[in-house]
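To start, the structure under review is shown below, and the notes come after it.
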Amino acid sequence: MPFDAPDIAAVIADLETQPERVAAIRRNNVIHALLKHDWLHRLQVVYNTFDLPPSLAMEERSQKISVLADQVRQQASDVRHYLISEATP
């Protein structure tokens, strides 16, 4: 969506009627922030540019970030399964 979108109020109002979509957007933002907006990601770009191997600390942090992202994905999956089971008579 463009920064200066003239109909932003209508878009937000529409989103407020879709809590599941907003939850999915929020979840995807958390996952993306974990995977791409951490100092590790930036440092990996520098290391890759100079063909340097990652340090042990970098590998450990990468693993922790991956685990966190997987936990967010799993929680979303658990919630979806719960909602489906509750909706099914």
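Going through the structure tokens in order, the chains are called A, B, and so on, while each chain numbers its residues from 1 and the ligands are numbered from 1 in the order shown.
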Please provide as a PDB file with C-alpha atoms, in the first residue's frame all residues within 9 Å of stretch 26-35 of chain A, with the sequence filter that same-chain residues fewer than 3 positions apart are discarded (counting only C-alpha atoms).
ATOM      1  CA  ARG A  21      -6.345 -11.765   8.590  1.00  0.00           C
ATOM      2  CA  VAL A  22      -4.891  -9.186  10.976  1.00  0.00           C
ATOM      3  CA  ALA A  23      -3.543 -12.007  13.168  1.00  0.00           C
ATOM      4  CA  ASP A  38      18.284  -8.874  13.440  1.00  0.00           C
ATOM      5  CA  LEU A  40      22.787 -11.365  12.610  1.00  0.00           C
ATOM      6  CA  HIS A  41      21.197 -10.994   9.176  1.00  0.00           C
ATOM      7  CA  SER A  62      20.760 -18.253  13.816  1.00  0.00           C
ATOM      8  CA  ILE A  65      16.093 -17.263  15.764  1.00  0.00           C
ATOM      9  CA  SER A  66      14.942 -20.202  13.640  1.00  0.00           C
ATOM     10  CA  LEU A  68      11.618 -18.752  17.683  1.00  0.00           C
ATOM     11  CA  ALA A  69      10.223 -18.352  14.160  1.00  0.00           C
ATOM     12  CA  ASP A  70       9.151 -22.006  14.170  1.00  0.00           C
ATOM     13  CA  VAL A  72       5.440 -18.598  16.125  1.00  0.00           C
ATOM     14  CA  ARG A  73       4.451 -20.727  13.122  1.00  0.00           C
ATOM     15  CA  ALA A  76      -0.506 -20.215  14.614  1.00  0.00           C
TER      16      ALA A  76
END
**Item:** Which of chain A DSSP labels helix (DSSP H, G or I), written as JSON, numbers by chain
**Value:** {"A": [8, 9, 10, 11, 12, 13, 14, 15, 16, 19, 20, 21, 22, 23, 24, 25, 26, 27, 28, 29, 30, 31, 32, 33, 34, 35, 36, 39, 40, 41, 42, 43, 44, 45, 46, 47, 48, 49, 56, 57, 58, 59, 60, 61, 62, 63, 64, 65, 66, 67, 68, 69, 70, 71, 72, 73, 74, 75, 76, 77, 78, 79, 80, 81, 82, 83, 84, 85, 86, 87]}
Go ahead and save the picked residues with C-alpha atoms, as a short mmCIF file (atom, residue, chain, number, x, y, z; two decimals), in the first residue's frame.
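out_9.cif, written as the output of this step:
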data_model
loop_
_atom_site.label_atom_id
_atom_site.label_comp_id
_atom_site.auth_asym_id
_atom_site.auth_seq_id
_atom_site.Cartn_x
_atom_site.Cartn_y
_atom_site.Cartn_z
CA ILE A 8 -6.31 4.37 4.20
CA ALA A 9 -9.17 4.87 6.68
CA ALA A 10 -11.40 2.57 4.63
CA VAL A 11 -8.63 -0.03 4.36
CA ILE A 12 -8.09 0.01 8.13
CA ALA A 13 -11.83 -0.19 8.77
CA ASP A 14 -12.03 -3.18 6.45
CA LEU A 15 -9.11 -4.87 8.22
CA GLU A 16 -10.82 -4.38 11.57
CA PRO A 19 -9.37 -10.35 12.87
CA GLU A 20 -7.99 -13.61 11.47
CA ARG A 21 -6.35 -11.77 8.59
CA VAL A 22 -4.89 -9.19 10.98
CA ALA A 23 -3.54 -12.01 13.17
CA ALA A 24 -1.93 -13.62 10.12
CA ILE A 25 -0.37 -10.31 9.08
CA ARG A 26 0.94 -9.77 12.61
CA ARG A 27 2.35 -13.30 12.77
CA ASN A 28 4.07 -12.93 9.40
CA ASN A 29 5.55 -9.61 10.52
CA VAL A 30 6.97 -11.22 13.68
CA ILE A 31 8.50 -14.07 11.68
CA HIS A 32 9.95 -11.69 9.09
CA ALA A 33 11.36 -9.43 11.82
CA LEU A 34 13.02 -12.40 13.49
CA LEU A 35 14.56 -13.71 10.28
CA LYS A 36 15.53 -10.50 8.48
CA TRP A 39 21.91 -7.81 13.60
CA LEU A 40 22.79 -11.36 12.61
CA HIS A 41 21.20 -10.99 9.18
CA ARG A 42 23.18 -7.84 8.49
CA LEU A 43 26.39 -9.42 9.74
CA GLN A 44 25.82 -12.47 7.55
CA VAL A 45 25.59 -10.21 4.50
CA VAL A 46 28.98 -8.69 5.38
CA TYR A 47 30.55 -12.10 6.04
CA ASN A 48 29.15 -13.50 2.79
CA THR A 49 30.47 -10.50 0.85
CA LEU A 56 30.03 -20.16 16.31
CA ALA A 57 28.08 -17.37 18.03
CA MET A 58 26.46 -16.45 14.71
CA GLU A 59 25.46 -20.06 14.09
CA GLU A 60 24.02 -20.34 17.61
CA ARG A 61 22.04 -17.13 17.21
CA SER A 62 20.76 -18.25 13.82
CA GLN A 63 19.54 -21.48 15.40
CA LYS A 64 17.79 -19.60 18.23
CA ILE A 65 16.09 -17.26 15.76
CA SER A 66 14.94 -20.20 13.64
CA VAL A 67 13.51 -21.92 16.72
CA LEU A 68 11.62 -18.75 17.68
CA ALA A 69 10.22 -18.35 14.16
CA ASP A 70 9.15 -22.01 14.17
CA GLN A 71 7.44 -21.51 17.54
CA VAL A 72 5.44 -18.60 16.12
CA ARG A 73 4.45 -20.73 13.12
CA GLN A 74 3.49 -23.66 15.38
CA GLN A 75 1.36 -21.48 17.65
CA ALA A 76 -0.51 -20.22 14.61
CA SER A 77 -1.03 -23.77 13.42
CA ASP A 78 -2.27 -24.85 16.86
CA VAL A 79 -4.74 -21.97 16.97
CA ARG A 80 -6.02 -22.80 13.47
CA HIS A 81 -6.54 -26.45 14.40
CA TYR A 82 -8.34 -25.44 17.59
CA LEU A 83 -10.63 -23.04 15.75
CA ILE A 84 -11.43 -25.66 13.11
CA SER A 85 -12.18 -28.29 15.76
CA GLU A 86 -14.41 -25.85 17.68
CA ALA A 87 -16.32 -24.97 14.51
#
